[in-house]
Amino acid sequence: MPGVRVEKLCTDPELYMIRVDDDQIRYFEATWDIPEGITYNAYLMKLKDAVVLFDVSKEEYTDLFMDALKKLVDPKEITHIIVHHTEPDHSGALPRLLEENGYRAQIIGTAFARNLLQGFYGDRVVGNFKVVKDGEEMGIGGRTFRFIAVPWLHWPDTMITYVVEDRLIFSCDAGGGYSIPEAIDDRDEEIVKKYLPYVTKYIVTVIGHYHKYIVQNIKKLKELGIVEEAKMILPGHGLAWCKNPKRIFEYYEAVGAGVPEKDKVLVVYDSMYGFVEKRMEIVLDELSKLGKKPVVYRFTDKEAPAVSDILGEVPSAEALIIGASTYEAEIHPRIRYTLYEIVDKANYEKPVLIVGAFGWGGVAGRKIETLITRSRFDHVATVESRGYPTPEDEEKLREAVRKLVQWAS
Ligand code: FEO
């Protein structure tokens with residue numbers, strides 16, 4: 001059952017988190033398999049003569065969100081609604097909220113956000129919209145609100161808000177992650193450790209296509225000095241960062257840059273009848289002799305891992321090994337799709353070894369090689385042959401693994 005949590009984050013200013021826990025979703029953006037679910041976080045700040053709402057929730061949870069909000073405030077009393085990003089997981093409840101607010105609140109966002117909201121929900125929603133520019137400040141309720149554009153993190157509309165006196169960063173998608181953590185913030189290290197892999201998965205699947213902008217935008221925020229001094233970083237998904245706020249942006253930076261974990265090699269392959277599997281046994285044996293720690297995802301007639309999980313492994317890998325069967329003069333369909341997404345969402349400068357098996361004509365290896373050489377990945381070698389591997393094939397495979405490991409070191 002989806003639920004909602006309302007938690008007070010601080011007293012001065014009076015700040016609340018309204019967190020809708022979505023355990024019904026299966027495929028985020030109708031694509032990414034997330035059995036772990038996701039949360040949609042909005043924040044409400046009550047000031048002396050202003051009530052500010054930071055983002056809202058997804059349309060299908062409007063009732064849940066409005067009921068929770070009404071426990072804190074009469075919607076008519078909301079004076080400002082800050083829209084950091086218009087993707088409907090954060091803006092879907094806006095039309096209802098504005099109706100119940102009597103269209104009194106000023107909506108604040110970038111020019112791009114205004115256009116998108118108008119396109120999504122019509123003219124009425126943007127009737128009282130204040131466009132803010134990068135770095136612009138507004139005095140609201142005795143506080144200084146600074147708006148900082150972080151374009152392509154991950155839409156062109158995206159900005160964050162920094163409340164200067166209280167050193168609070170409201171960051172929407174930036175700093176977010178999948179899953180429904182038991183806690184609301186980062187105070188419990190065990191919960192954080194469990195949560196961080198879902199952050200990586202979220203970054204790659206949702207923001208990955210623009211991952212260079214993660215690095216650029218976080219550099220920008222660091223140069224402004226606000227990451228170092230922030231008391232809280234409050235994202236639109238997952239945990240709030242109150243104990244060690246800069247940790248989440250540093251984590252984002254590392255994922256965006258594809259900083260590898262020592263010795264981690266990502267191995268992804270299909271095997272329909274065991275021909276690729278036999279090759280991978282040799283590959284894994286050689287990796288283990290070299291002290292590497294392979295992380296293996298295999299598509300077989302009994303297993304089909306989620307591509308979103310595979311994507312989440314790429315940024316921290318030192319190297320990749322892709323194994324594929326040739327299937328109707330093409331790459332095996334599961335590997336074809338997985339590769340397409342890897343090259344689109346997790347396109348990093350990392351070495352790749354390609355391993356192929358075929359019955360009557362080897363095509364997969366060549367086609368994967370073309371994809372890899374056109375990407376940012378480095379093609380190290382392709383070892384492809386017919387049927388079960390011969391002793392000569394085995395020697396070629398072991399040699400290629402050694403070359404890959406050397407390349408990565
Ligand atoms: Fe969480 Fe890009 O919306």
# chains A, B, ... in the order shown; residues from 1 in each chain; ligands from 1
$ residues_around --residues "Gly208 (chain A)" --least-positions-apart "2" --cutoff "9 Å" --atoms "only C-alpha atoms" --output "list of chain:residue names"
A:His154, A:Tyr202, A:Ile203, A:Val204, A:Thr205, A:Val206, A:Tyr210, A:His211, A:Lys212, A:Ile214, A:Gly256, A:Asp344, A:Lys345, A:Ala346, A:Asn347
$ write_last_selection --atoms "all heavy atoms" --output "compact mmCIF listing (two decimals), in the first residue's frame"
# COMPACT_ATOMS: atom_id res chain seq x y z
N HIS A 154 18.07 16.72 -14.41
CA HIS A 154 18.35 16.13 -15.69
C HIS A 154 17.47 16.66 -16.83
O HIS A 154 17.50 16.11 -17.93
CB HIS A 154 18.20 14.60 -15.60
CG HIS A 154 16.78 14.15 -15.32
ND1 HIS A 154 16.07 13.40 -16.22
CD2 HIS A 154 15.95 14.38 -14.30
CE1 HIS A 154 14.86 13.15 -15.73
NE2 HIS A 154 14.77 13.74 -14.56
N TYR A 202 19.54 4.92 -9.66
CA TYR A 202 18.71 6.07 -10.03
C TYR A 202 19.49 7.04 -10.92
O TYR A 202 18.99 7.48 -11.96
CB TYR A 202 18.23 6.77 -8.75
CG TYR A 202 17.47 8.04 -9.03
CD1 TYR A 202 16.13 8.01 -9.39
CD2 TYR A 202 18.11 9.27 -8.97
CE1 TYR A 202 15.45 9.18 -9.69
CE2 TYR A 202 17.44 10.44 -9.25
CZ TYR A 202 16.11 10.39 -9.60
OH TYR A 202 15.44 11.55 -9.90
N ILE A 203 20.72 7.33 -10.51
CA ILE A 203 21.53 8.29 -11.28
C ILE A 203 21.68 7.78 -12.72
O ILE A 203 21.46 8.52 -13.67
CB ILE A 203 22.93 8.49 -10.65
CG1 ILE A 203 22.81 9.15 -9.27
CG2 ILE A 203 23.82 9.33 -11.56
CD1 ILE A 203 24.13 9.22 -8.50
N VAL A 204 22.07 6.52 -12.85
CA VAL A 204 22.37 6.02 -14.20
C VAL A 204 21.10 5.95 -15.04
O VAL A 204 21.09 6.41 -16.19
CB VAL A 204 23.07 4.64 -14.14
CG1 VAL A 204 23.37 4.15 -15.55
CG2 VAL A 204 24.35 4.74 -13.34
N THR A 205 20.02 5.40 -14.47
CA THR A 205 18.83 5.21 -15.31
C THR A 205 18.13 6.54 -15.63
O THR A 205 17.64 6.72 -16.73
CB THR A 205 17.83 4.25 -14.63
OG1 THR A 205 17.54 4.72 -13.31
CG2 THR A 205 18.37 2.84 -14.57
N VAL A 206 18.10 7.44 -14.67
CA VAL A 206 17.33 8.67 -14.87
C VAL A 206 18.20 9.81 -15.42
O VAL A 206 17.79 10.51 -16.35
CB VAL A 206 16.64 9.10 -13.55
CG1 VAL A 206 15.92 10.43 -13.71
CG2 VAL A 206 15.64 8.02 -13.12
N TYR A 210 22.82 12.27 -19.32
CA TYR A 210 23.46 13.60 -19.17
C TYR A 210 24.51 13.58 -18.07
O TYR A 210 24.69 14.60 -17.39
CB TYR A 210 22.38 14.64 -18.83
CG TYR A 210 21.29 14.74 -19.86
CD1 TYR A 210 20.01 14.27 -19.60
CD2 TYR A 210 21.55 15.29 -21.11
CE1 TYR A 210 19.00 14.36 -20.55
CE2 TYR A 210 20.54 15.38 -22.07
CZ TYR A 210 19.28 14.92 -21.79
OH TYR A 210 18.29 15.00 -22.72
N HIS A 211 25.20 12.45 -17.87
CA HIS A 211 26.01 12.37 -16.65
C HIS A 211 27.15 13.39 -16.59
O HIS A 211 27.59 13.76 -15.51
CB HIS A 211 26.50 10.95 -16.35
CG HIS A 211 27.48 10.38 -17.31
ND1 HIS A 211 27.14 9.44 -18.24
CD2 HIS A 211 28.78 10.62 -17.49
CE1 HIS A 211 28.20 9.12 -18.94
NE2 HIS A 211 29.21 9.82 -18.51
N LYS A 212 27.57 13.90 -17.74
CA LYS A 212 28.65 14.91 -17.66
C LYS A 212 28.13 16.19 -16.97
O LYS A 212 28.90 16.93 -16.35
CB LYS A 212 29.24 15.22 -19.02
CG LYS A 212 28.37 16.01 -19.94
CD LYS A 212 29.16 16.39 -21.20
CE LYS A 212 28.28 17.27 -22.08
NZ LYS A 212 28.88 17.68 -23.30
N ILE A 214 26.20 16.20 -14.41
CA ILE A 214 26.25 16.00 -12.95
C ILE A 214 27.54 16.60 -12.45
O ILE A 214 27.57 17.41 -11.52
CB ILE A 214 26.20 14.49 -12.59
CG1 ILE A 214 24.90 13.85 -13.08
CG2 ILE A 214 26.36 14.30 -11.07
CD1 ILE A 214 24.85 12.34 -12.88
N GLY A 256 28.89 10.24 -11.47
CA GLY A 256 28.89 10.99 -12.73
C GLY A 256 30.22 10.86 -13.46
O GLY A 256 30.27 10.79 -14.68
N ASP A 344 23.84 4.31 -24.08
CA ASP A 344 23.06 5.55 -23.96
C ASP A 344 23.16 6.16 -22.56
O ASP A 344 23.31 7.36 -22.40
CB ASP A 344 21.59 5.27 -24.29
CG ASP A 344 20.75 6.54 -24.22
OD1 ASP A 344 21.18 7.56 -24.80
OD2 ASP A 344 19.70 6.54 -23.56
N LYS A 345 23.05 5.32 -21.53
CA LYS A 345 22.89 5.83 -20.16
C LYS A 345 24.18 5.77 -19.33
O LYS A 345 24.30 6.48 -18.35
CB LYS A 345 21.82 5.02 -19.42
CG LYS A 345 20.41 5.21 -19.96
CD LYS A 345 19.80 6.47 -19.39
CE LYS A 345 18.35 6.60 -19.76
NZ LYS A 345 17.75 7.82 -19.17
N ALA A 346 25.07 4.88 -19.68
CA ALA A 346 26.26 4.69 -18.84
C ALA A 346 27.50 4.65 -19.72
O ALA A 346 28.29 3.71 -19.69
CB ALA A 346 26.11 3.40 -18.04
N ASN A 347 27.64 5.68 -20.52
CA ASN A 347 28.68 5.74 -21.54
C ASN A 347 29.97 6.33 -20.96
O ASN A 347 30.16 7.53 -20.94
CB ASN A 347 28.13 6.61 -22.68
CG ASN A 347 28.95 6.53 -23.93
OD1 ASN A 347 29.90 5.75 -24.02
ND2 ASN A 347 28.60 7.33 -24.90
$ residues_near_ligand --ligand "ligand 1" --cutoff "10 Å" --atoms "only C-alpha atoms and all ligand atoms" --output "PDB file with N, CA and C atoms, in the first residue's frame"
ATOM      1  N   PHE A  28       9.797   2.662 -13.319  1.00  0.00           N
ATOM      2  CA  PHE A  28       9.919   4.117 -13.313  1.00  0.00           C
ATOM      3  C   PHE A  28      10.097   4.602 -14.751  1.00  0.00           C
ATOM      4  N   GLU A  29       9.437   5.698 -15.090  1.00  0.00           N
ATOM      5  CA  GLU A  29       9.410   6.227 -16.463  1.00  0.00           C
ATOM      6  C   GLU A  29       8.953   5.135 -17.441  1.00  0.00           C
ATOM      7  N   ILE A  38       9.900   3.784  -4.784  1.00  0.00           N
ATOM      8  CA  ILE A  38      10.503   5.127  -4.804  1.00  0.00           C
ATOM      9  C   ILE A  38       9.665   6.029  -3.898  1.00  0.00           C
ATOM     10  N   THR A  39      10.261   7.113  -3.431  1.00  0.00           N
ATOM     11  CA  THR A  39       9.474   8.109  -2.686  1.00  0.00           C
ATOM     12  C   THR A  39       9.464   9.412  -3.485  1.00  0.00           C
ATOM     13  N   TYR A  40       8.396  10.197  -3.291  1.00  0.00           N
ATOM     14  CA  TYR A  40       8.320  11.546  -3.870  1.00  0.00           C
ATOM     15  C   TYR A  40       8.291  12.495  -2.680  1.00  0.00           C
ATOM     16  N   ASN A  41       9.337  13.289  -2.534  1.00  0.00           N
ATOM     17  CA  ASN A  41       9.452  14.164  -1.368  1.00  0.00           C
ATOM     18  C   ASN A  41       9.096  15.595  -1.727  1.00  0.00           C
ATOM     19  N   SER A  57       3.765  16.308  -5.665  1.00  0.00           N
ATOM     20  CA  SER A  57       3.855  14.856  -5.775  1.00  0.00           C
ATOM     21  C   SER A  57       3.285  14.401  -7.111  1.00  0.00           C
ATOM     22  N   LYS A  58       3.262  13.114  -7.297  1.00  0.00           N
ATOM     23  CA  LYS A  58       2.784  12.522  -8.553  1.00  0.00           C
ATOM     24  C   LYS A  58       1.248  12.576  -8.605  1.00  0.00           C
ATOM     25  N   HIS A  84      11.120  23.106  -8.747  1.00  0.00           N
ATOM     26  CA  HIS A  84      12.525  22.933  -9.143  1.00  0.00           C
ATOM     27  C   HIS A  84      12.651  22.236 -10.485  1.00  0.00           C
ATOM     28  N   HIS A  85      11.621  21.446 -10.801  1.00  0.00           N
ATOM     29  CA  HIS A  85      11.729  20.543 -11.961  1.00  0.00           C
ATOM     30  C   HIS A  85      10.297  20.072 -12.226  1.00  0.00           C
ATOM     31  N   THR A  86       9.908  20.079 -13.492  1.00  0.00           N
ATOM     32  CA  THR A  86       8.479  19.883 -13.788  1.00  0.00           C
ATOM     33  C   THR A  86       8.102  18.445 -14.115  1.00  0.00           C
ATOM     34  N   GLU A  87       9.042  17.530 -14.119  1.00  0.00           N
ATOM     35  CA  GLU A  87       8.661  16.153 -14.437  1.00  0.00           C
ATOM     36  C   GLU A  87       7.494  15.774 -13.527  1.00  0.00           C
ATOM     37  N   PRO A  88       6.472  15.121 -14.081  1.00  0.00           N
ATOM     38  CA  PRO A  88       5.221  14.968 -13.330  1.00  0.00           C
ATOM     39  C   PRO A  88       5.301  14.144 -12.039  1.00  0.00           C
ATOM     40  N   ASP A  89       6.430  13.484 -11.771  1.00  0.00           N
ATOM     41  CA  ASP A  89       6.526  12.836 -10.457  1.00  0.00           C
ATOM     42  C   ASP A  89       6.662  13.888  -9.350  1.00  0.00           C
ATOM     43  N   HIS A  90       6.989  15.124  -9.735  1.00  0.00           N
ATOM     44  CA  HIS A  90       7.080  16.215  -8.745  1.00  0.00           C
ATOM     45  C   HIS A  90       6.050  17.319  -8.969  1.00  0.00           C
ATOM     46  N   SER A  91       5.349  17.275 -10.094  1.00  0.00           N
ATOM     47  CA  SER A  91       4.422  18.384 -10.399  1.00  0.00           C
ATOM     48  C   SER A  91       2.992  17.919 -10.619  1.00  0.00           C
ATOM     49  N   TRP A 152      20.016  20.339 -17.186  1.00  0.00           N
ATOM     50  CA  TRP A 152      20.285  18.956 -17.581  1.00  0.00           C
ATOM     51  C   TRP A 152      20.636  18.061 -16.408  1.00  0.00           C
ATOM     52  N   LEU A 153      20.227  18.492 -15.240  1.00  0.00           N
ATOM     53  CA  LEU A 153      20.330  17.603 -14.072  1.00  0.00           C
ATOM     54  C   LEU A 153      18.901  17.274 -13.636  1.00  0.00           C
ATOM     55  N   HIS A 154      18.066  16.719 -14.414  1.00  0.00           N
ATOM     56  CA  HIS A 154      18.351  16.126 -15.692  1.00  0.00           C
ATOM     57  C   HIS A 154      17.474  16.660 -16.829  1.00  0.00           C
ATOM     58  N   TRP A 155      16.710  17.712 -16.554  1.00  0.00           N
ATOM     59  CA  TRP A 155      15.927  18.342 -17.619  1.00  0.00           C
ATOM     60  C   TRP A 155      16.448  19.774 -17.806  1.00  0.00           C
ATOM     61  N   THR A 158      15.720  22.523 -14.838  1.00  0.00           N
ATOM     62  CA  THR A 158      16.025  22.199 -13.441  1.00  0.00           C
ATOM     63  C   THR A 158      16.799  23.295 -12.709  1.00  0.00           C
ATOM     64  N   CYS A 172      15.629  18.664  -5.365  1.00  0.00           N
ATOM     65  CA  CYS A 172      14.752  17.838  -6.216  1.00  0.00           C
ATOM     66  C   CYS A 172      15.468  16.561  -6.668  1.00  0.00           C
ATOM     67  N   ASP A 173      15.562  16.295  -7.967  1.00  0.00           N
ATOM     68  CA  ASP A 173      16.144  15.013  -8.392  1.00  0.00           C
ATOM     69  C   ASP A 173      17.612  14.855  -7.969  1.00  0.00           C
ATOM     70  N   ALA A 174      18.359  15.962  -7.979  1.00  0.00           N
ATOM     71  CA  ALA A 174      19.795  15.876  -7.649  1.00  0.00           C
ATOM     72  C   ALA A 174      19.945  15.476  -6.187  1.00  0.00           C
ATOM     73  N   GLY A 176      18.903  12.469  -5.230  1.00  0.00           N
ATOM     74  CA  GLY A 176      17.853  11.470  -4.982  1.00  0.00           C
ATOM     75  C   GLY A 176      18.286  10.052  -5.313  1.00  0.00           C
ATOM     76  N   GLY A 177      17.420   9.115  -4.942  1.00  0.00           N
ATOM     77  CA  GLY A 177      17.684   7.709  -5.245  1.00  0.00           C
ATOM     78  C   GLY A 177      16.390   6.913  -5.180  1.00  0.00           C
ATOM     79  N   TYR A 178      16.429   5.694  -5.697  1.00  0.00           N
ATOM     80  CA  TYR A 178      15.264   4.804  -5.627  1.00  0.00           C
ATOM     81  C   TYR A 178      15.153   4.202  -4.225  1.00  0.00           C
ATOM     82  N   TYR A 202      19.545   4.919  -9.660  1.00  0.00           N
ATOM     83  CA  TYR A 202      18.707   6.066 -10.026  1.00  0.00           C
ATOM     84  C   TYR A 202      19.488   7.041 -10.922  1.00  0.00           C
ATOM     85  N   VAL A 206      18.104   7.445 -14.666  1.00  0.00           N
ATOM     86  CA  VAL A 206      17.331   8.673 -14.869  1.00  0.00           C
ATOM     87  C   VAL A 206      18.196   9.806 -15.425  1.00  0.00           C
ATOM     88  N   ILE A 207      19.386   9.983 -14.861  1.00  0.00           N
ATOM     89  CA  ILE A 207      20.202  11.142 -15.231  1.00  0.00           C
ATOM     90  C   ILE A 207      21.368  10.739 -16.135  1.00  0.00           C
ATOM     91  N   PRO A 235      16.532  16.278  -1.108  1.00  0.00           N
ATOM     92  CA  PRO A 235      16.152  15.864  -2.462  1.00  0.00           C
ATOM     93  C   PRO A 235      14.670  15.503  -2.602  1.00  0.00           C
ATOM     94  N   GLY A 236      14.267  15.344  -3.841  1.00  0.00           N
ATOM     95  CA  GLY A 236      12.890  14.994  -4.170  1.00  0.00           C
ATOM     96  C   GLY A 236      12.607  13.504  -4.140  1.00  0.00           C
ATOM     97  N   HIS A 237      13.639  12.688  -3.942  1.00  0.00           N
ATOM     98  CA  HIS A 237      13.461  11.232  -3.807  1.00  0.00           C
ATOM     99  C   HIS A 237      14.407  10.727  -2.712  1.00  0.00           C
TER     100      HIS A 237
END
$ closest_residue --among "A:Lys130, A:Arg124, A:Thr300, A:Glu99" --to "Ile81 (chain A)" --atoms "only C-alpha atoms"
A:Lys130
$ closest_residue --among "A:Leu98, A:Val380, A:Tyr252, A:Gly92" --to "Pro75 (chain A)" --atoms "only C-alpha atoms"
A:Leu98
$ atom_distance --atom1 "CA of Trp407 (chain A)" --atom2 "CA of Leu320 (chain A)"
11.3 Å
$ select_by_dssp --residues "region 233-350 of chain A" --states "strand (DSSP E or B)" --output "ChimeraX atom specification"
/A:233-235,240-241,264-270,293-299,319-326,331
$ atom_distance --atom1 "CA of Arg334 (chain A)" --atom2 "CA of Asp378 (chain A)"
21.8 Å
$ closest_residue --among "A:Glu182, A:Val132, A:Gly175, A:Val259" --to "Val227 (chain A)" --atoms "only C-alpha atoms"
A:Gly175
$ select_by_dssp --residues "region 112-141 of chain A" --states "alpha helix (DSSP H)" --output "list of chain:residue names"
A:Phe112, A:Ala113, A:Arg114, A:Asn115, A:Leu116, A:Leu117, A:Gln118, A:Gly119, A:Phe120, A:Tyr121
$ write_last_selection --atoms "N, CA, C and O atoms" --output "PDB file, in the first residue's frame"
ATOM      1  N   PHE A 112      12.098  27.880 -18.448  1.00  0.00           N
ATOM      2  CA  PHE A 112      11.813  26.589 -19.072  1.00  0.00           C
ATOM      3  C   PHE A 112      10.722  25.848 -18.305  1.00  0.00           C
ATOM      4  O   PHE A 112       9.840  25.210 -18.889  1.00  0.00           O
ATOM      5  N   ALA A 113      10.784  25.967 -16.968  1.00  0.00           N
ATOM      6  CA  ALA A 113       9.771  25.298 -16.139  1.00  0.00           C
ATOM      7  C   ALA A 113       8.389  25.881 -16.418  1.00  0.00           C
ATOM      8  O   ALA A 113       7.391  25.154 -16.500  1.00  0.00           O
ATOM      9  N   ARG A 114       8.346  27.182 -16.593  1.00  0.00           N
ATOM     10  CA  ARG A 114       7.053  27.825 -16.882  1.00  0.00           C
ATOM     11  C   ARG A 114       6.456  27.246 -18.169  1.00  0.00           C
ATOM     12  O   ARG A 114       5.285  26.872 -18.218  1.00  0.00           O
ATOM     13  N   ASN A 115       7.289  27.175 -19.208  1.00  0.00           N
ATOM     14  CA  ASN A 115       6.803  26.653 -20.493  1.00  0.00           C
ATOM     15  C   ASN A 115       6.336  25.208 -20.378  1.00  0.00           C
ATOM     16  O   ASN A 115       5.309  24.824 -20.938  1.00  0.00           O
ATOM     17  N   LEU A 116       7.080  24.427 -19.636  1.00  0.00           N
ATOM     18  CA  LEU A 116       6.715  23.010 -19.510  1.00  0.00           C
ATOM     19  C   LEU A 116       5.408  22.860 -18.719  1.00  0.00           C
ATOM     20  O   LEU A 116       4.529  22.094 -19.113  1.00  0.00           O
ATOM     21  N   LEU A 117       5.282  23.597 -17.622  1.00  0.00           N
ATOM     22  CA  LEU A 117       4.043  23.505 -16.823  1.00  0.00           C
ATOM     23  C   LEU A 117       2.838  23.909 -17.657  1.00  0.00           C
ATOM     24  O   LEU A 117       1.778  23.275 -17.601  1.00  0.00           O
ATOM     25  N   GLN A 118       3.009  24.977 -18.444  1.00  0.00           N
ATOM     26  CA  GLN A 118       1.911  25.434 -19.298  1.00  0.00           C
ATOM     27  C   GLN A 118       1.528  24.343 -20.300  1.00  0.00           C
ATOM     28  O   GLN A 118       0.351  24.064 -20.521  1.00  0.00           O
ATOM     29  N   GLY A 119       2.547  23.711 -20.872  1.00  0.00           N
ATOM     30  CA  GLY A 119       2.292  22.627 -21.832  1.00  0.00           C
ATOM     31  C   GLY A 119       1.617  21.435 -21.176  1.00  0.00           C
ATOM     32  O   GLY A 119       0.727  20.813 -21.748  1.00  0.00           O
ATOM     33  N   PHE A 120       2.010  21.111 -19.947  1.00  0.00           N
ATOM     34  CA  PHE A 120       1.459  19.927 -19.282  1.00  0.00           C
ATOM     35  C   PHE A 120       0.037  20.179 -18.759  1.00  0.00           C
ATOM     36  O   PHE A 120      -0.835  19.333 -18.873  1.00  0.00           O
ATOM     37  N   TYR A 121      -0.176  21.345 -18.129  1.00  0.00           N
ATOM     38  CA  TYR A 121      -1.406  21.534 -17.340  1.00  0.00           C
ATOM     39  C   TYR A 121      -2.255  22.737 -17.761  1.00  0.00           C
ATOM     40  O   TYR A 121      -3.284  23.017 -17.134  1.00  0.00           O
TER      41      TYR A 121
END
$ residues_around --residues "Thr326 (chain A)" --least-positions-apart "3" --cutoff "7 Å" --atoms "only C-alpha atoms" --output "ChimeraX atom specification"
/A:329-332,357-358,362-364
$ residues_around --residues "Asp12 (chain A)" --least-positions-apart "5" --cutoff "12 Å" --atoms "only C-alpha atoms" --output "list of chain:residue names"
A:Met45, A:Lys46, A:Leu47, A:Lys48, A:Arg143, A:Glu165, A:Asp166, A:Arg167, A:Leu168
$ residues_around --residues "Asp134 (chain A)" --least-positions-apart "6" --cutoff "12 Å" --atoms "only C-alpha atoms" --output "PyMOL selection string"
chain A and resi 109-112+145-151+157-162+220-221
$ write_last_selection --atoms "N, CA, C and O atoms" --output "PDB file, in the first residue's frame"
ATOM      1  N   GLY A 109       9.950  29.423 -10.589  1.00  0.00           N
ATOM      2  CA  GLY A 109      10.749  28.431 -11.324  1.00  0.00           C
ATOM      3  C   GLY A 109      11.480  29.089 -12.469  1.00  0.00           C
ATOM      4  O   GLY A 109      11.412  30.314 -12.648  1.00  0.00           O
ATOM      5  N   THR A 110      12.172  28.285 -13.268  1.00  0.00           N
ATOM      6  CA  THR A 110      12.900  28.835 -14.419  1.00  0.00           C
ATOM      7  C   THR A 110      11.920  29.108 -15.575  1.00  0.00           C
ATOM      8  O   THR A 110      10.774  28.638 -15.557  1.00  0.00           O
ATOM      9  N   ALA A 111      12.392  29.839 -16.574  1.00  0.00           N
ATOM     10  CA  ALA A 111      11.561  30.126 -17.747  1.00  0.00           C
ATOM     11  C   ALA A 111      11.172  28.805 -18.427  1.00  0.00           C
ATOM     12  O   ALA A 111      10.033  28.624 -18.890  1.00  0.00           O
ATOM     13  N   PHE A 112      12.098  27.880 -18.448  1.00  0.00           N
ATOM     14  CA  PHE A 112      11.813  26.589 -19.072  1.00  0.00           C
ATOM     15  C   PHE A 112      10.722  25.848 -18.305  1.00  0.00           C
ATOM     16  O   PHE A 112       9.840  25.210 -18.889  1.00  0.00           O
ATOM     17  N   PHE A 145      16.020  33.552  -0.395  1.00  0.00           N
ATOM     18  CA  PHE A 145      15.952  32.350  -1.237  1.00  0.00           C
ATOM     19  C   PHE A 145      16.774  32.619  -2.490  1.00  0.00           C
ATOM     20  O   PHE A 145      16.477  33.542  -3.250  1.00  0.00           O
ATOM     21  N   ARG A 146      17.813  31.792  -2.677  1.00  0.00           N
ATOM     22  CA  ARG A 146      18.635  31.930  -3.887  1.00  0.00           C
ATOM     23  C   ARG A 146      18.330  30.757  -4.824  1.00  0.00           C
ATOM     24  O   ARG A 146      18.324  29.595  -4.392  1.00  0.00           O
ATOM     25  N   PHE A 147      18.079  31.093  -6.081  1.00  0.00           N
ATOM     26  CA  PHE A 147      17.726  30.052  -7.053  1.00  0.00           C
ATOM     27  C   PHE A 147      18.914  29.830  -7.989  1.00  0.00           C
ATOM     28  O   PHE A 147      19.431  30.784  -8.570  1.00  0.00           O
ATOM     29  N   ILE A 148      19.327  28.589  -8.105  1.00  0.00           N
ATOM     30  CA  ILE A 148      20.515  28.279  -8.904  1.00  0.00           C
ATOM     31  C   ILE A 148      20.151  27.248  -9.980  1.00  0.00           C
ATOM     32  O   ILE A 148      19.684  26.143  -9.657  1.00  0.00           O
ATOM     33  N   ALA A 149      20.352  27.634 -11.226  1.00  0.00           N
ATOM     34  CA  ALA A 149      20.021  26.734 -12.336  1.00  0.00           C
ATOM     35  C   ALA A 149      21.035  25.595 -12.397  1.00  0.00           C
ATOM     36  O   ALA A 149      22.245  25.825 -12.274  1.00  0.00           O
ATOM     37  N   VAL A 150      20.534  24.388 -12.548  1.00  0.00           N
ATOM     38  CA  VAL A 150      21.412  23.223 -12.753  1.00  0.00           C
ATOM     39  C   VAL A 150      20.895  22.468 -13.992  1.00  0.00           C
ATOM     40  O   VAL A 150      20.379  21.360 -13.893  1.00  0.00           O
ATOM     41  N   PRO A 151      21.026  23.115 -15.166  1.00  0.00           N
ATOM     42  CA  PRO A 151      20.410  22.549 -16.365  1.00  0.00           C
ATOM     43  C   PRO A 151      20.924  21.149 -16.685  1.00  0.00           C
ATOM     44  O   PRO A 151      22.079  20.837 -16.453  1.00  0.00           O
ATOM     45  N   ASP A 157      14.860  22.383 -17.438  1.00  0.00           N
ATOM     46  CA  ASP A 157      14.155  23.302 -16.524  1.00  0.00           C
ATOM     47  C   ASP A 157      14.754  23.370 -15.125  1.00  0.00           C
ATOM     48  O   ASP A 157      14.324  24.166 -14.299  1.00  0.00           O
ATOM     49  N   THR A 158      15.720  22.523 -14.838  1.00  0.00           N
ATOM     50  CA  THR A 158      16.025  22.199 -13.441  1.00  0.00           C
ATOM     51  C   THR A 158      16.799  23.295 -12.709  1.00  0.00           C
ATOM     52  O   THR A 158      17.753  23.861 -13.234  1.00  0.00           O
ATOM     53  N   MET A 159      16.373  23.531 -11.476  1.00  0.00           N
ATOM     54  CA  MET A 159      17.113  24.452 -10.594  1.00  0.00           C
ATOM     55  C   MET A 159      17.066  23.893  -9.172  1.00  0.00           C
ATOM     56  O   MET A 159      16.304  22.967  -8.875  1.00  0.00           O
ATOM     57  N   ILE A 160      17.889  24.456  -8.307  1.00  0.00           N
ATOM     58  CA  ILE A 160      17.801  24.143  -6.889  1.00  0.00           C
ATOM     59  C   ILE A 160      17.547  25.446  -6.131  1.00  0.00           C
ATOM     60  O   ILE A 160      17.754  26.533  -6.687  1.00  0.00           O
ATOM     61  N   THR A 161      17.113  25.336  -4.887  1.00  0.00           N
ATOM     62  CA  THR A 161      16.948  26.525  -4.043  1.00  0.00           C
ATOM     63  C   THR A 161      17.901  26.425  -2.860  1.00  0.00           C
ATOM     64  O   THR A 161      18.016  25.358  -2.240  1.00  0.00           O
ATOM     65  N   TYR A 162      18.554  27.535  -2.572  1.00  0.00           N
ATOM     66  CA  TYR A 162      19.403  27.624  -1.385  1.00  0.00           C
ATOM     67  C   TYR A 162      18.809  28.695  -0.478  1.00  0.00           C
ATOM     68  O   TYR A 162      18.635  29.842  -0.901  1.00  0.00           O
ATOM     69  N   LYS A 220      29.917  23.500 -10.116  1.00  0.00           N
ATOM     70  CA  LYS A 220      29.374  24.862 -10.005  1.00  0.00           C
ATOM     71  C   LYS A 220      28.896  25.146  -8.572  1.00  0.00           C
ATOM     72  O   LYS A 220      29.214  26.182  -7.994  1.00  0.00           O
ATOM     73  N   LEU A 221      28.146  24.205  -7.992  1.00  0.00           N
ATOM     74  CA  LEU A 221      27.630  24.397  -6.622  1.00  0.00           C
ATOM     75  C   LEU A 221      28.774  24.448  -5.612  1.00  0.00           C
ATOM     76  O   LEU A 221      28.742  25.221  -4.664  1.00  0.00           O
TER      77      LEU A 221
END
$ residues_around --residues "Arg386 (chain A)" --least-positions-apart "2" --cutoff "9 Å" --atoms "only C-alpha atoms" --output "list in words"
Phe275, Gly356, Ala357, Phe358, Gly359, Trp360, Gly361, Gly362, Glu384, Tyr388 and Pro389 of chain A
